[in-house]
Amino acid sequence: MAQTFAEKILARKAGLDGVVPGQIVEITPDVILSHDNTAPIYGLFQRMGGEKVFDPDMHAVILDHATPAPSTKHAENHRIIREFVREQGIQNFYDVGRGICHQVLVESGLALPGEVVLGSDSHTPHAGVMGAFAAGIGRTEMASIWAIGQLWLRVPESLKITVTGQLEEGVTSKDLALTVIGDMRADGALYMSVEWHGEAIQDLPLSQRATLTNLMAEMGAKNSYIPPDEKVFDFLQDRARRDYDVVYPDPDATYALEIDYDAGKIEPMVACPHTVDNVKPLSEVRGRKIDQAFLGTCTNGRLDDLAAAAEVLEGRKIAEDRRMIVIPASEEVYLAAMQAGYLETFLKAGAVIESPGCGPCMGNHMGVPAVGEVSISTANRNFRGRMGTKESEVYLASPAVVAASAVAGAIESPANL
Amino acid sequence: MAEINGRVWKYGDNINTDVIFPGKYTYTVSEPAEMPQYALEDLDPEFASGVQPGDLIVGGSNWGCGSSREQAVVCLSEARLGAIIAKSFARIYYRNCLNNALPAIVCPEAVDAIENGEQVGIDLENGLITCQAGEFSFPPLPDAVMEIFNAGGLIPYTKKRLTEFK
């Protein structure tokens, strides 16, 4: 029987000939990802009677949520994690400053085609950009995998999004993702496996594809997948930690839903407060005064995101009484941005550059807004209170629009500067 | 466990984990017993001080969307909430509920019928909700998952399996 990506990979992992949506399977993942929450998960693991983890090589522990530690409490959390990885012999440990977990997992060749990645973070579907089955899970169930090496998963229904044509100049995959989320709403892909197909997707560089798989968490998806091609194989050439066996869906597989988009019709979009599906065309939101612009996160903190913003900021200044914060998604991105001269452009424009990590995305530190302030950000969430205070507003947009808004002091298109 | 009865706290669609348990507390509040005081802080300031053991939350569609943070379930299970009835749940939130033995019930008809503040009873074994508007039935949990739920959550369940391993 013809199978979707999710059906095929879960059947393979469960050792079954085939599975159907709704079926519960028990599998052993290839990679398990945890971040600053590794310490509380360790506490749960101990409460379960756990002593040694099932397989230390399965673990990827990447600190990013509050790094470097903003308080003693956060520092203690990190200390427990360092002790834990040492005691358990976990090799894939990335300490503060190496980058955001989803970015680092991909860069370090741990997210591989045809493998299953489970992460105790809601944006784990990001790793589907490499052709992995990647889903977010909770802390207790992560602790249970540490202990017994297995977890139950419900085989998801699949949604196939086919994007034909070509994105216009100045339109990014962020705009495409926001358009789809606005159409499908926050629960449009609840529990589903979202596959991206079509020439417009294959045309995108990997960094832009990752924005798509990352943002599917905001539509309720369990995982998101892009069929791996030469771009993926080339990227993995010197990075892949082991051989991999690519999984593609069958061309005649049955999908719960199939939707089509013409890339040429996508325009720059902005997600307005306080939900990601409250999406409006940039042309309707222009002129809204902002206090702070934030360029970074696992959604849009990669080299070409920084390049797009630097192009806008070259020879320009951040507007008076405004702030711009730049956080490269990883050490690798940071170094490349430095070599390309983007960091100099940001500094000369008046932006603040901070060390790789999640930064103020979920309100922990490094530039949270004051009461009554408005932020425009390249992140993936704008929920009330997300950046620290519920008395603030967050708009989400592409890197070039965020940079242009920093210059204008209000939400603005780069074309109008 | 099978019989739940309590007062209803009713909310809308797409209630996300940032308003259920704000992100800024995720690494500063680590003791489960301390979590209930922050429950729903950015959604309903009355909730944390007013919720009684056995009370119910009735939510719209996509309850618990957003972050995977399990504190957004633990802050309610620690308050000994009886159950959450919703039109649908975000999937990680749903899993977190079952793993913490907090009944997460999908029943759109009941959600539409139930009023804020009323007393509602739930019979988990027979899949029945009794409210002022009448009775509503809901599908039971899949067997594979019921095993975890019946063990009292994933911690005791894994503990048992780990013992069997050794």
# chains A, B, ... in the order shown; residues from 1 in each chain; ligands from 1
call {"tool": "closest_atom_pairs", "arguments": {"of": "stretch 9-90 of chain B", "to": "stretch 181-199 of chain A", "cutoff": "9 Å", "atoms": "only C-alpha atoms", "output": "JSON lines"}}
result
{"residue": "B:Asn14", "atom": "CA", "partner": "A:Ala186", "partner_atom": "CA", "distance": 7.3}
{"residue": "B:Ser61", "atom": "CA", "partner": "A:Asp187", "partner_atom": "CA", "distance": 7.6}
{"residue": "B:Asn62", "atom": "CA", "partner": "A:Asp187", "partner_atom": "CA", "distance": 5.9}
{"residue": "B:Cys65", "atom": "CA", "partner": "A:Ala186", "partner_atom": "CA", "distance": 8.1}
{"residue": "B:Ser88", "atom": "CA", "partner": "A:Leu190", "partner_atom": "CA", "distance": 8.7}
{"residue": "B:Phe89", "atom": "CA", "partner": "A:Leu190", "partner_atom": "CA", "distance": 8.2}
{"residue": "B:Ala90", "atom": "CA", "partner": "A:Leu190", "partner_atom": "CA", "distance": 6.6}
call {"tool": "interface_residues", "arguments": {"of": "chain A", "to": "chain B", "cutoff": "8 Å", "atoms": "only C-alpha atoms", "output": "MDAnalysis selection string"}}
result
chainID A and resid 24 40 44 47:50 73:74 77 120:122 136:141 144 147:148 186:187 190:191 217:218 220 222 362:364 381 383:386 388 390
call {"tool": "select_by_dssp", "arguments": {"residues": "stretch 104-155 of chain B", "states": "strand (DSSP E)", "output": "PyMOL selection string"}}
result
chain B and resi 104-106+119-123+128-131+134-137
call {"tool": "select_by_dssp", "arguments": {"residues": "chain B", "states": "helix (DSSP H, G or I)", "output": "PyMOL selection string"}}
result
chain B and resi 17-20+23-25+32-38+47-50+71-77+91-99+108-113+143-150+154-165
call {"tool": "residues_around", "arguments": {"residues": "A:Phe233", "least_positions_apart": "4", "cutoff": "10 Å", "atoms": "only C-alpha atoms", "output": "ChimeraX atom specification"}}
result
/A:112-113,130,228-229,237-240
call {"tool": "write_last_selection", "arguments": {"atoms": "N, CA and C atoms", "output": "PDB file, in the first residue's frame"}}
result
ATOM      1  N   LEU A 112      19.367  13.634  10.547  1.00  0.00           N
ATOM      2  CA  LEU A 112      19.678  12.925   9.307  1.00  0.00           C
ATOM      3  C   LEU A 112      18.430  12.396   8.605  1.00  0.00           C
ATOM      4  N   PRO A 113      18.488  12.326   7.274  1.00  0.00           N
ATOM      5  CA  PRO A 113      17.359  11.794   6.518  1.00  0.00           C
ATOM      6  C   PRO A 113      17.005  10.382   6.985  1.00  0.00           C
ATOM      7  N   MET A 130      15.873  18.225   7.061  1.00  0.00           N
ATOM      8  CA  MET A 130      16.866  17.280   6.556  1.00  0.00           C
ATOM      9  C   MET A 130      16.239  15.952   6.130  1.00  0.00           C
ATOM     10  N   PRO A 228      14.429  15.179   0.965  1.00  0.00           N
ATOM     11  CA  PRO A 228      15.844  15.548   0.828  1.00  0.00           C
ATOM     12  C   PRO A 228      16.314  15.436  -0.628  1.00  0.00           C
ATOM     13  N   ASP A 229      17.122  16.417  -1.047  1.00  0.00           N
ATOM     14  CA  ASP A 229      17.668  16.414  -2.405  1.00  0.00           C
ATOM     15  C   ASP A 229      19.173  16.658  -2.334  1.00  0.00           C
ATOM     16  N   GLN A 237      27.587  16.108   3.470  1.00  0.00           N
ATOM     17  CA  GLN A 237      28.799  15.432   2.993  1.00  0.00           C
ATOM     18  C   GLN A 237      29.879  15.289   4.072  1.00  0.00           C
ATOM     19  N   ASP A 238      30.219  16.428   4.704  1.00  0.00           N
ATOM     20  CA  ASP A 238      31.282  16.397   5.715  1.00  0.00           C
ATOM     21  C   ASP A 238      30.740  16.500   7.136  1.00  0.00           C
ATOM     22  N   ARG A 239      29.398  16.437   7.269  1.00  0.00           N
ATOM     23  CA  ARG A 239      28.830  16.651   8.595  1.00  0.00           C
ATOM     24  C   ARG A 239      28.153  15.418   9.177  1.00  0.00           C
ATOM     25  N   ALA A 240      27.548  14.603   8.314  1.00  0.00           N
ATOM     26  CA  ALA A 240      26.731  13.489   8.809  1.00  0.00           C
ATOM     27  C   ALA A 240      27.529  12.613   9.763  1.00  0.00           C
TER      28      ALA A 240
END
